[in-house]
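Participant: Just work.txt, nothing more (compact mmCIF, C-alpha atoms):
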# COMPACT_ATOMS: atom_id res chain seq x y z
CA MET R 211 6.69 -68.78 27.62
CA ALA R 212 3.06 -68.25 26.63
CA ILE R 213 2.71 -65.58 29.30
CA LYS R 214 5.77 -63.77 28.01
CA ARG R 215 4.46 -63.76 24.45
CA GLY R 216 1.17 -62.39 25.67
CA THR R 217 2.97 -59.62 27.52
CA LYS R 218 4.95 -58.72 24.39
CA ASN R 219 1.82 -58.68 22.26
CA SER R 220 0.00 -56.46 24.73
CA LYS R 221 2.91 -54.03 24.72
CA LYS R 222 2.91 -53.94 20.93
CA LYS R 223 -0.82 -53.26 20.95
CA LYS R 224 -0.35 -50.37 23.38
CA VAL R 225 2.38 -48.86 21.21
CA THR R 226 0.22 -49.27 18.11
CA LYS R 227 -2.72 -47.59 19.87
CA LYS R 228 -0.50 -44.67 20.89
CA GLN R 229 0.84 -44.31 17.35
CA ASN R 230 -2.67 -44.40 15.94
CA LYS R 231 -3.77 -41.76 18.44
CA VAL R 232 -0.84 -39.51 17.53
CA LEU R 233 -1.59 -39.94 13.83
CA TRP R 234 -5.28 -39.25 14.47
CA TRP R 235 -4.52 -35.99 16.28
CA ALA R 236 -1.92 -34.99 13.69
CA GLY R 237 -4.48 -35.54 10.96
CA ARG R 238 -7.09 -33.51 12.84
CA ILE R 239 -4.65 -30.64 13.36
CA PHE R 240 -3.57 -30.71 9.71
CA LEU R 241 -7.18 -30.74 8.53
CA GLY R 242 -8.00 -27.90 10.92
CA MET R 243 -5.14 -25.82 9.49
CA ILE R 244 -6.38 -26.45 5.95
CA VAL R 245 -9.94 -25.44 6.87
CA PHE R 246 -8.69 -22.33 8.71
CA SER R 247 -6.56 -21.22 5.76
CA LEU R 248 -9.48 -21.70 3.36
CA LEU R 249 -11.82 -19.65 5.56
CA TRP R 250 -9.12 -16.98 5.96
CA VAL R 251 -8.61 -16.64 2.21
CA ILE R 252 -12.35 -16.61 1.47
CA ALA R 253 -12.99 -14.00 4.19
CA LEU R 254 -10.35 -11.65 2.76
CA ARG R 255 -12.03 -11.85 -0.59
CA PHE R 256 -14.68 -9.60 0.92
CA ILE R 257 -12.91 -8.00 3.93
CA ASN R 258 -9.97 -5.65 3.43
CA PRO R 259 -6.85 -6.80 5.31
CA PRO R 260 -6.50 -4.37 8.26
CA ILE R 261 -2.74 -4.88 8.71
CA THR R 262 0.09 -7.22 7.69
CA TYR R 263 3.05 -8.77 9.47
CA LEU R 264 5.45 -6.69 7.37
CA MET R 265 3.74 -3.44 8.42
CA ILE R 266 4.16 -4.32 12.10
CA LYS R 267 7.76 -5.45 11.62
CA ARG R 268 8.72 -2.29 9.73
CA GLY R 269 6.90 -0.18 12.33
CA PHE R 270 9.05 -1.56 15.13
CA GLU R 271 12.18 -1.16 12.99
CA TRP R 272 11.22 2.48 12.43
CA GLN R 273 10.63 2.91 16.18
CA SER R 274 13.98 1.34 17.06
CA GLN R 275 15.64 4.10 15.03
CA GLY R 276 14.01 6.68 17.30
CA LYS R 277 11.56 7.83 14.62
CA GLY R 278 8.35 6.60 16.23
CA PHE R 279 6.07 3.75 15.22
CA LYS R 280 4.93 4.55 11.68
CA ILE R 281 2.33 2.80 9.53
CA ASP R 282 0.87 5.17 6.94
CA LYS R 283 -1.95 3.51 4.98
CA THR R 284 -5.39 4.35 3.62
CA TRP R 285 -7.49 1.86 1.69
CA LEU R 286 -8.43 3.01 -1.82
CA PRO R 287 -11.15 0.97 -3.55
CA TYR R 288 -10.22 -0.49 -6.92
CA GLU R 289 -12.85 1.55 -8.75
CA ASP R 290 -11.38 4.80 -7.41
CA MET R 291 -7.79 3.94 -8.26
CA SER R 292 -6.08 5.57 -11.21
CA ASP R 293 -6.00 3.24 -14.21
CA ASN R 294 -2.49 4.53 -14.82
CA LEU R 295 -1.37 2.91 -11.56
CA LYS R 296 -3.09 -0.39 -12.33
CA LYS R 297 -1.46 -0.57 -15.76
CA ALA R 298 1.90 0.52 -14.35
CA ALA R 299 1.76 -2.34 -11.82
CA LEU R 300 1.32 -4.86 -14.61
CA ALA R 301 3.94 -3.25 -16.83
CA GLY R 302 6.52 -3.01 -14.07
CA GLU R 303 5.81 -6.03 -11.88
CA ASP R 304 3.88 -8.75 -13.70
CA ALA R 305 3.50 -8.59 -17.46
CA PHE R 306 1.49 -11.85 -17.65
CA PHE R 307 -0.78 -11.16 -14.68
CA MET R 308 -3.99 -11.43 -16.71
CA THR R 309 -3.08 -14.78 -18.29
CA HIS R 310 -1.14 -16.77 -15.69
CA HIS R 311 -2.67 -18.72 -12.80
CA GLY R 312 -0.43 -17.31 -10.10
CA PHE R 313 2.99 -18.30 -11.38
CA ASP R 314 5.18 -17.06 -14.21
CA THR R 315 7.15 -20.19 -15.11
CA LYS R 316 9.60 -18.37 -17.39
CA ALA R 317 10.43 -15.82 -14.68
CA ILE R 318 10.89 -18.63 -12.14
CA GLU R 319 13.27 -20.47 -14.48
CA GLN R 320 15.31 -17.29 -14.96
CA ALA R 321 15.38 -16.70 -11.20
CA LEU R 322 16.59 -20.26 -10.58
CA LYS R 323 19.39 -19.82 -13.10
CA ARG R 324 20.47 -16.59 -11.39
CA ASN R 325 20.51 -18.34 -8.04
CA GLN R 326 22.30 -21.57 -8.92
CA SER R 327 25.25 -20.57 -6.75
CA GLY R 328 23.13 -19.94 -3.61
CA ASP R 329 20.41 -21.61 -1.58
CA ALA R 330 17.86 -18.76 -1.49
CA LEU R 331 15.27 -18.41 -4.22
CA ARG R 332 15.06 -14.81 -5.33
CA GLY R 333 13.04 -13.12 -8.02
CA GLY R 334 10.34 -14.45 -10.30
CA SER R 335 7.44 -13.50 -8.01
CA THR R 336 4.14 -12.56 -9.61
CA ILE R 337 1.68 -10.04 -8.15
CA SER R 338 -0.35 -13.00 -6.85
CA GLN R 339 2.69 -14.42 -5.06
CA GLN R 340 3.51 -11.04 -3.56
CA VAL R 341 -0.04 -10.73 -2.24
CA ALA R 342 0.19 -14.22 -0.72
CA LYS R 343 3.49 -13.31 0.94
CA ASN R 344 2.46 -9.88 2.19
CA VAL R 345 -1.07 -10.65 3.40
CA PHE R 346 -0.77 -14.17 4.81
CA LEU R 347 2.91 -14.71 5.62
CA TRP R 348 6.09 -13.09 6.87
CA PRO R 349 9.18 -11.75 5.04
CA ALA R 350 11.84 -14.47 4.98
CA ARG R 351 13.87 -16.48 2.51
CA SER R 352 13.40 -20.19 3.10
CA TRP R 353 11.98 -23.11 1.20
CA PHE R 354 9.36 -23.65 3.91
CA ARG R 355 8.05 -20.08 3.58
CA LYS R 356 8.23 -20.37 -0.20
CA GLY R 357 6.12 -23.52 0.01
CA LEU R 358 3.48 -21.71 2.07
CA GLU R 359 3.59 -18.84 -0.41
CA THR R 360 2.88 -21.29 -3.23
CA TYR R 361 -0.04 -22.77 -1.27
CA PHE R 362 -1.66 -19.38 -0.57
CA THR R 363 -1.03 -18.24 -4.14
CA VAL R 364 -3.02 -21.20 -5.42
CA LEU R 365 -5.83 -20.40 -2.96
CA ILE R 366 -6.17 -16.73 -3.87
CA GLU R 367 -6.10 -17.55 -7.56
CA LEU R 368 -8.92 -20.05 -6.94
CA PHE R 369 -11.11 -17.94 -4.65
CA TRP R 370 -10.29 -14.34 -5.61
CA SER R 371 -10.74 -12.55 -8.91
CA LYS R 372 -7.84 -10.89 -10.69
CA LYS R 373 -9.48 -7.59 -9.82
CA ARG R 374 -9.42 -8.40 -6.11
CA ILE R 375 -5.82 -9.60 -6.23
CA LEU R 376 -4.67 -6.37 -7.89
CA GLU R 377 -6.77 -4.25 -5.52
CA VAL R 378 -5.25 -5.87 -2.43
CA TYR R 379 -1.75 -5.69 -3.92
CA LEU R 380 -1.98 -1.96 -4.59
CA ASN R 381 -3.30 -1.33 -1.07
CA VAL R 382 -0.89 -3.35 1.07
CA ILE R 383 2.43 -3.29 -0.80
CA GLU R 384 5.29 -1.33 0.81
CA MET R 385 5.80 1.86 -1.20
CA GLY R 386 8.09 3.90 1.05
CA GLN R 387 9.45 4.14 4.58
CA GLY R 388 6.39 3.33 6.66
CA VAL R 389 4.14 3.95 3.64
CA TYR R 390 1.80 1.23 2.36
CA GLY R 391 -0.57 1.24 -0.57
CA ALA R 392 -1.38 3.56 -3.45
CA GLU R 393 -3.33 6.20 -1.55
CA ALA R 394 -0.75 6.74 1.18
CA ALA R 395 2.08 6.70 -1.38
CA SER R 396 0.32 9.21 -3.63
CA HIS R 397 -0.11 11.66 -0.74
CA TYR R 398 3.42 11.00 0.53
CA TYR R 399 5.15 11.59 -2.80
CA TYR R 400 2.85 13.96 -4.66
CA GLY R 401 0.39 15.41 -2.13
CA LYS R 402 -2.60 14.07 -4.05
CA SER R 403 -4.96 11.12 -4.12
CA GLY R 404 -4.22 7.88 -5.92
CA LYS R 405 -7.35 8.61 -7.94
CA SER R 406 -5.58 11.16 -10.12
CA LEU R 407 -2.03 9.95 -10.68
CA SER R 408 -0.49 10.82 -14.03
CA ARG R 409 1.23 8.19 -16.15
CA LYS R 410 4.72 9.21 -15.02
CA GLU R 411 3.73 9.57 -11.36
CA ALA R 412 2.21 6.08 -11.37
CA ALA R 413 5.23 4.66 -13.18
CA LEU R 414 7.65 6.21 -10.66
CA ILE R 415 5.78 4.70 -7.69
CA ILE R 416 5.90 1.25 -9.30
CA ALA R 417 9.52 1.74 -10.36
CA ILE R 418 10.71 2.06 -6.74
CA LEU R 419 8.97 -1.13 -5.53
CA PRO R 420 12.07 -3.35 -5.69
CA ASN R 421 13.54 -1.19 -2.91
CA PRO R 422 10.98 1.34 -1.60
CA ARG R 423 12.91 2.11 1.59
CA LYS R 424 15.96 3.22 -0.39
CA TRP R 425 14.50 4.80 -3.53
CA ASP R 426 12.25 7.87 -3.64
CA ALA R 427 9.65 8.57 -6.35
CA ARG R 428 10.11 12.34 -5.84
CA ARG R 429 13.87 12.20 -6.33
CA PRO R 430 14.42 9.22 -8.65
CA SER R 431 17.89 7.99 -9.44
CA ALA R 432 18.92 7.60 -13.07
CA TYR R 433 18.09 3.89 -12.87
CA VAL R 434 14.63 4.46 -11.35
CA ASN R 435 13.88 7.15 -13.93
CA ARG R 436 14.86 4.81 -16.79
CA ARG R 437 12.70 2.09 -15.30
CA ALA R 438 9.75 4.50 -14.97
CA ASN R 439 10.15 5.71 -18.55
CA SER R 440 10.12 2.10 -19.75
CA ILE R 441 6.90 1.47 -17.79
CA VAL R 442 5.28 4.57 -19.32
CA ARG R 443 6.30 3.44 -22.79
CA TYR R 444 4.42 0.15 -22.47
CA LEU R 445 1.55 1.37 -20.30
CA ASN R 446 -1.15 1.10 -22.96
CA HIS R 447 -0.09 -2.42 -23.92
CA TYR R 448 -1.77 -3.83 -20.81
CA LYS R 449 -5.37 -4.68 -20.17
CA ILE R 450 -6.47 -4.39 -16.54
CA PRO R 451 -9.20 -6.33 -14.68
CA GLU R 452 -12.64 -4.78 -14.97
Represent the structure from my file as structure tokens, please.
Facilitator:
Amino acid sequence: MAIKRGTKNSKKKKVTKKQNKVLWWAGRIFLGMIVFSLLWVIALRFINPPITYLMIKRGFEWQSQGKGFKIDKTWLPYEDMSDNLKKAALAGEDAFFMTHHGFDTKAIEQALKRNQSGDALRGGSTISQQVAKNVFLWPARSWFRKGLETYFTVLIELFWSKKRILEVYLNVIEMGQGVYGAEAASHYYYGKSGKSLSRKEAALIIAILPNPRKWDARRPSAYVNRRANSIVRYLNHYKIPE
């Protein structure tokens, strides 16, 4: 009987050792992922993102339609960007950008109320959240991806300035079919640089952002035009990062 108990105890010890080893490796992997994400975020504070998952995905979608692989983008430094576009982004996309810490709680509450009948969380995203989604993640609607978006939003708010967040946003956001960022969009729609956009031109580009593959800043629908006019009306109410 004593031998049997010893055998059982040895088996339990082996199982415990295996469990501890698994937990040890899981902890190491988790810690490694945290460190990698921190280094990634800090690096992109100084290095401009060369490409995003969405750009590649849309490029292949464009190619599958027989139109060739298209990614039209040109980085425009924040200092060279039209102030009209910066203000329009805040007026049209994130009114409390300068005061919140990545999340607009009122907008999130409204989005949750609108989505009580479904499982997907839609709406309520700030500029910071959109940067986190576009630069670090992939386009999808799931609670897991939303959780990662929250995590990266916290990181960029901690390690980036508001100026950097807005600069990256206005350079990577989808602004047309295969068109990304202010400079490419300005040339695509108006044949000019994003340095010299007028108030209405800037407002029209921001007004199409909810659906840039369907709407066109050159030929705005009645809804887009109303939205742009509303943005122009409140343009000077917003202070932009310096």
Participant: When distances are computed from all atoms listed in the file, which of R:Pro430, R:Pro451, R:Pro420, R:Gly404 shows the smallest separation from R:Ser292?
Facilitator: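 So, comparing all the options, the nearest one is R:Gly404.
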Participant: For R:Ile261, which residue among R:Lys283, R:His447, R:Arg423, R:Lys277 is the nearest when counting all atoms listed in the file?
Facilitator: R:Lys283
Participant: Which residue gives the smallest distance to R:Asp282 among R:Val389, R:Leu445, R:Ile375, R:Ala427, with only C-alpha atoms counted?
Facilitator: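 Smallest separation from R:Asp282 among the options: R:Val389.
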Participant: For the atom pair atom CA of R:Tyr288 and atom CA of R:His310, what is the interatomic distance in Å to one decimal place?
Facilitator: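 Between atom CA of R:Tyr288 and atom CA of R:His310 the gap works out to 20.6 Å.
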Participant: Per residue of stretch 241-269 of chain R within 9 Å of stretch 339-356 of chain R, record the nearest atom pair and its distance in Å to one decimal, counting all atoms listed in the file, with rows in chain order and ascending residue number, as a tab-separated table.
Facilitator:
residue	atom	partner	partner_atom	distance
R:Trp250	CA	R:Phe346	CA	8.9
R:Val251	CA	R:Phe346	CA	8.6
R:Pro259	CA	R:Val345	CA	7.2
R:Ile261	CA	R:Val345	CA	8.0
R:Thr262	CA	R:Val345	CA	5.6
R:Tyr263	CA	R:Trp348	CA	5.9
R:Leu264	CA	R:Trp348	CA	6.5
Participant: For atom CA of R:Phe270 and atom CA of R:Trp285, quote the distance in Å rounded to one decimal.
Facilitator: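 Going from atom CA of R:Phe270 over to atom CA of R:Trp285 covers 21.6 Å.
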Participant: At what distance in Å, to one decimal, does atom CA of R:Ala299 lie from atom CA of R:Ala412?
Facilitator: 8.4 Å
Participant: Select, counting all atoms listed in the file, all protein, DNA and RNA residues no farther than 12 Å from (13.3, 5.8, -12.4) in file coordinates, and express the selection as a ChimeraX atom specification.
Facilitator: /R:302,410-422,425-442
Participant: When distances are computed from only C-alpha atoms, which of R:Trp272, R:Tyr390, R:Phe313, R:Tyr398 shows the smallest separation from R:Val364?
Facilitator: R:Phe313
